[in-house]
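Read through the structure below, which is laid out as structure tokens, and then see the notes.
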There are 2 protein chains.
Amino acid sequence: MKSLLLVAHGSRREASNDEVRALTARLADRARDAFDEVICAFLEIAEPSIPDALQGCVERGAREVVVLPYFLSAGRHVAEDIPREVRSKQLEHPQVRMRITSYLGAAEQVPELILELAGG
Amino acid sequence: MKSLLLVAHGSRREASNDEVRALTARLADRARDAFDEVICAFLEIAEPSIPDALQGCVERGAREVVVLPYFLSAGRHVAEDIPREVRSKQLEHPQVRMRITSYLGAAEQVPELILELAGG
């Protein structure tokens with residue numbers, strides 16, 4: 001079983017967290033061939049936390065978890081906080097392959113997406 | 001003359017602001033057919049501000065400015081702060097067409113981009 005875990009920062013504004021949850025549901029619909037489940041977690045403020053979400057993947061039988069930081073820039077959260085939390089859970093469950101992808105803002109498709117959005 | 005203005009939040013971490021500036025430079029290279037210039041501005045903390053950037057567009061002869069919020073969720077910044085600053089500048093320069101696009105996170109291509117990034 002293969003899981004995709006979208007990790008957002010988490011906001012005090014619950015509508016922003018719900019926006020991430022809604023995106024996750026849309027991803028789950030689209031990802032059926034590639035991932036058995038798509039879930040989200042939040043680094044701060046909102047639930048579930050990254051460790052709780054990873055633990056859930058393990059308990060549901062994931063053999064691989066792809067962690068995608070839903071962030072626009074490579075700050076401390078992307079460079080340190082998310083890797084630290086994933087590493088800690090990885091040590092508890094060495095049989096599950098956990099890997100972190102690039103954060104969203106680093107995707108090479110972002111410039112094209114911006115130009116499409118701008119109608120350019 | 002047509003300008004594209006990418007508006008980011010602005011960070012105390014200067015490398016994050018520079019990341020936005022680097023993205024803007026890549027956009028400028030790609031957007032030559034659609035926009036005569038691509039520049040960036042920051043809502044808070046970093047420079048230039050939105051009013052200063054819009055004023056620069058006007059002074060360089062822009063007839064149209066497309067403002068694109070480089071944000072992942074529709075918080076107060078996207079819903080209120082950016083529109084307020086653009087509206088205020090629009091009132092000063094009614095001959096220049098200023099319009100705000102959807103914010104990045106609302107782009108319909110985002111789920112596809114995430115799945116590509118996840119290797120799914």
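Residues in the structure tokens are numbered from 1 in each chain, the chains being A, B, ... in the order shown, and ligands are numbered from 1 in the order shown.
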Within 8 Å of chain B: residues of chain A, using only C-alpha atoms, as a VMD selection string: chain A and resid 4 13 16 19 23 26 to 27 31 33 to 35 66 to 68 71 to 75 101 to 102 104 107 109 111 113 to 115 117 to 118 120
message: Residues within 12 Å of segment 52-58 of chain A, please, as number ranges by chain. Count only C-alpha atoms; anything in the same chain fewer than 3 positions from it doesn't count.
response: A: 1-7, 35-43, 46-49, 61-67, 82, 85-99
C-alpha atoms of the current selection, written as a PDB file, in the first residue's frame:
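This is the output file again-v5.pdb:
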ATOM      1  CA  MET A   1       0.000   0.000   0.000  1.00  0.00           C
ATOM      2  CA  LYS A   2       1.238   3.440  -0.988  1.00  0.00           C
ATOM      3  CA  SER A   3       0.173   6.704   0.671  1.00  0.00           C
ATOM      4  CA  LEU A   4       0.541  10.318  -0.368  1.00  0.00           C
ATOM      5  CA  LEU A   5       0.722  12.735   2.566  1.00  0.00           C
ATOM      6  CA  LEU A   6       0.243  16.417   1.733  1.00  0.00           C
ATOM      7  CA  VAL A   7       1.783  18.538   4.508  1.00  0.00           C
ATOM      8  CA  PHE A  35      -1.663   6.029  -4.540  1.00  0.00           C
ATOM      9  CA  ASP A  36      -3.941   3.895  -2.429  1.00  0.00           C
ATOM     10  CA  GLU A  37      -4.723   6.851  -0.224  1.00  0.00           C
ATOM     11  CA  VAL A  38      -4.121  10.591  -0.151  1.00  0.00           C
ATOM     12  CA  ILE A  39      -4.289  12.321   3.219  1.00  0.00           C
ATOM     13  CA  CYS A  40      -3.115  15.601   4.679  1.00  0.00           C
ATOM     14  CA  ALA A  41      -1.349  16.735   7.839  1.00  0.00           C
ATOM     15  CA  PHE A  42      -0.399  20.072   9.346  1.00  0.00           C
ATOM     16  CA  LEU A  43       2.938  21.153  10.745  1.00  0.00           C
ATOM     17  CA  ALA A  46      -4.349  22.193  12.835  1.00  0.00           C
ATOM     18  CA  GLU A  47      -4.902  18.448  13.042  1.00  0.00           C
ATOM     19  CA  PRO A  48      -3.708  15.849  12.287  1.00  0.00           C
ATOM     20  CA  SER A  49      -0.039  16.410  13.058  1.00  0.00           C
ATOM     21  CA  GLY A  61      -0.586  -1.034   6.126  1.00  0.00           C
ATOM     22  CA  ALA A  62       1.409   1.473   4.060  1.00  0.00           C
ATOM     23  CA  ARG A  63       4.710   0.151   2.718  1.00  0.00           C
ATOM     24  CA  GLU A  64       5.587   3.520   1.193  1.00  0.00           C
ATOM     25  CA  VAL A  65       4.614   7.070   2.152  1.00  0.00           C
ATOM     26  CA  VAL A  66       5.387  10.013  -0.121  1.00  0.00           C
ATOM     27  CA  VAL A  67       5.401  13.264   1.869  1.00  0.00           C
ATOM     28  CA  ILE A  82       9.187  18.500   8.185  1.00  0.00           C
ATOM     29  CA  GLU A  85       9.330  14.829  12.008  1.00  0.00           C
ATOM     30  CA  VAL A  86       9.448  12.370   9.127  1.00  0.00           C
ATOM     31  CA  ARG A  87      12.877  11.090  10.157  1.00  0.00           C
ATOM     32  CA  SER A  88      11.703  10.447  13.678  1.00  0.00           C
ATOM     33  CA  LYS A  89       8.720   8.411  12.470  1.00  0.00           C
ATOM     34  CA  GLN A  90      10.914   6.620   9.929  1.00  0.00           C
ATOM     35  CA  LEU A  91      13.175   5.422  12.762  1.00  0.00           C
ATOM     36  CA  GLU A  92      10.182   3.915  14.548  1.00  0.00           C
ATOM     37  CA  HIS A  93       9.060   2.103  11.407  1.00  0.00           C
ATOM     38  CA  PRO A  94      12.127   1.204   9.331  1.00  0.00           C
ATOM     39  CA  GLN A  95      10.105  -1.261   7.258  1.00  0.00           C
ATOM     40  CA  VAL A  96       8.049   1.560   5.723  1.00  0.00           C
ATOM     41  CA  ARG A  97       9.715   3.640   3.041  1.00  0.00           C
ATOM     42  CA  MET A  98       9.118   7.344   3.731  1.00  0.00           C
ATOM     43  CA  ARG A  99      10.364   9.935   1.294  1.00  0.00           C
TER      44      ARG A  99
END
Chain B in the frame of chain A after full C-alpha superposition, as a CSV table (one decimal) with C-alpha atoms, in the first residue's frame:
chain,number,residue,atom,x,y,z
B,1,MET,CA,0.0,0.0,0.0
B,2,LYS,CA,1.3,3.4,-1.0
B,3,SER,CA,0.2,6.7,0.7
B,4,LEU,CA,0.5,10.3,-0.4
B,5,LEU,CA,0.7,12.7,2.6
B,6,LEU,CA,0.2,16.4,1.7
B,7,VAL,CA,1.8,18.5,4.5
B,8,ALA,CA,0.5,22.1,4.9
B,9,HIS,CA,1.5,24.7,7.5
B,10,GLY,CA,-1.8,24.9,9.3
B,11,SER,CA,-3.7,28.1,9.9
B,12,ARG,CA,-5.6,29.7,12.7
B,13,ARG,CA,-8.2,30.3,10.1
B,14,GLU,CA,-10.1,27.1,9.9
B,15,ALA,CA,-11.3,27.8,6.3
B,16,SER,CA,-7.7,27.6,5.1
B,17,ASN,CA,-7.2,24.2,6.7
B,18,ASP,CA,-10.5,23.1,5.2
B,19,GLU,CA,-9.2,24.3,1.8
B,20,VAL,CA,-6.2,21.9,2.2
B,21,ARG,CA,-8.6,19.1,3.2
B,22,ALA,CA,-10.8,19.8,0.1
B,23,LEU,CA,-7.7,19.7,-2.1
B,24,THR,CA,-6.7,16.4,-0.5
B,25,ALA,CA,-10.1,14.9,-1.3
B,26,ARG,CA,-9.8,16.1,-5.0
B,27,LEU,CA,-6.3,14.5,-5.1
B,28,ALA,CA,-7.6,11.3,-3.7
B,29,ASP,CA,-10.2,11.1,-6.5
B,30,ARG,CA,-7.5,11.6,-9.1
B,31,ALA,CA,-4.7,9.6,-7.7
B,32,ARG,CA,-6.3,6.2,-7.6
B,33,ASP,CA,-3.9,4.5,-9.9
B,34,ALA,CA,-0.8,6.0,-8.3
B,35,PHE,CA,-1.7,6.0,-4.5
B,36,ASP,CA,-3.9,3.9,-2.4
B,37,GLU,CA,-4.7,6.8,-0.2
B,38,VAL,CA,-4.1,10.6,-0.2
B,39,ILE,CA,-4.3,12.3,3.2
B,40,CYS,CA,-3.1,15.6,4.7
B,41,ALA,CA,-1.4,16.7,7.8
B,42,PHE,CA,-0.4,20.1,9.3
B,43,LEU,CA,2.9,21.2,10.8
B,44,GLU,CA,1.3,23.5,13.3
B,45,ILE,CA,-2.0,24.6,14.7
B,46,ALA,CA,-4.4,22.2,12.8
B,47,GLU,CA,-4.9,18.4,13.1
B,48,PRO,CA,-3.7,15.8,12.3
B,49,SER,CA,0.0,16.4,13.1
B,50,ILE,CA,2.6,14.9,10.8
B,51,PRO,CA,3.5,12.1,13.3
B,52,ASP,CA,-0.2,11.2,13.8
B,53,ALA,CA,-0.8,11.1,10.1
B,54,LEU,CA,2.3,9.0,9.4
B,55,GLN,CA,1.3,6.6,12.2
B,56,GLY,CA,-2.1,6.2,10.6
B,57,CYS,CA,-0.5,5.3,7.3
B,58,VAL,CA,1.6,2.7,9.0
B,59,GLU,CA,-1.3,1.2,10.9
B,60,ARG,CA,-3.4,1.0,7.7
B,61,GLY,CA,-0.6,-1.0,6.1
B,62,ALA,CA,1.4,1.5,4.1
B,63,ARG,CA,4.7,0.1,2.7
B,64,GLU,CA,5.6,3.5,1.2
B,65,VAL,CA,4.6,7.1,2.1
B,66,VAL,CA,5.4,10.0,-0.1
B,67,VAL,CA,5.4,13.3,1.9
B,68,LEU,CA,4.8,16.4,-0.2
B,69,PRO,CA,5.3,19.8,1.5
B,70,TYR,CA,2.5,22.1,0.4
B,71,PHE,CA,4.6,25.2,0.8
B,72,LEU,CA,5.7,28.0,-1.6
B,73,SER,CA,9.2,28.6,-0.3
B,74,ALA,CA,12.1,26.7,1.2
B,75,GLY,CA,12.1,28.1,4.7
B,76,ARG,CA,13.0,26.4,8.0
B,77,HIS,CA,9.7,24.4,7.9
B,78,VAL,CA,10.6,22.8,4.6
B,79,ALA,CA,14.3,22.5,5.2
B,80,GLU,CA,14.2,21.3,8.9
B,81,ASP,CA,10.9,20.8,10.6
B,82,ILE,CA,9.2,18.5,8.2
B,83,PRO,CA,12.3,16.3,7.6
B,84,ARG,CA,12.8,16.1,11.4
B,85,GLU,CA,9.3,14.8,12.0
B,86,VAL,CA,9.4,12.4,9.1
B,87,ARG,CA,12.9,11.1,10.2
B,88,SER,CA,11.7,10.5,13.7
B,89,LYS,CA,8.7,8.4,12.5
B,90,GLN,CA,10.9,6.6,9.9
B,91,LEU,CA,13.2,5.4,12.8
B,92,GLU,CA,10.2,3.9,14.6
B,93,HIS,CA,9.1,2.1,11.4
B,94,PRO,CA,12.1,1.2,9.3
B,95,GLN,CA,10.1,-1.3,7.3
B,96,VAL,CA,8.0,1.6,5.7
B,97,ARG,CA,9.7,3.6,3.0
B,98,MET,CA,9.1,7.3,3.7
B,99,ARG,CA,10.4,9.9,1.3
B,100,ILE,CA,9.9,13.7,1.1
B,101,THR,CA,9.5,15.3,-2.4
B,102,SER,CA,10.3,18.9,-3.3
B,103,TYR,CA,8.0,21.5,-1.9
B,104,LEU,CA,5.3,22.8,-4.2
B,105,GLY,CA,6.9,26.1,-5.0
B,106,ALA,CA,10.0,24.3,-6.4
B,107,ALA,CA,8.0,22.4,-9.0
B,108,GLU,CA,9.3,23.2,-12.5
B,109,GLN,CA,5.7,23.6,-13.7
B,110,VAL,CA,5.0,26.6,-11.4
B,111,PRO,CA,6.1,29.3,-13.9
B,112,GLU,CA,3.9,27.8,-16.6
B,113,LEU,CA,1.0,27.5,-14.2
B,114,ILE,CA,1.4,31.2,-13.2
B,115,LEU,CA,1.4,32.3,-16.8
B,116,GLU,CA,-1.8,30.3,-17.5
B,117,LEU,CA,-3.5,31.8,-14.5
B,118,ALA,CA,-2.5,35.2,-15.6
B,119,GLY,CA,-4.0,34.5,-19.0
B,120,GLY,CA,-0.6,35.2,-20.6
message: According to DSSP computed on the backbone, where in chain B is there strand (DSSP E or B)? Give the residues as a list in words.
response: Lys2, Ser3, Leu4, Leu5, Leu6, Val7, Ala8, Glu37, Val38, Ile39, Cys40, Ala41, Phe42, Glu64, Val65, Val66, Val67, Leu68, Pro69, Arg97, Met98, Arg99 and Ile100 of chain B
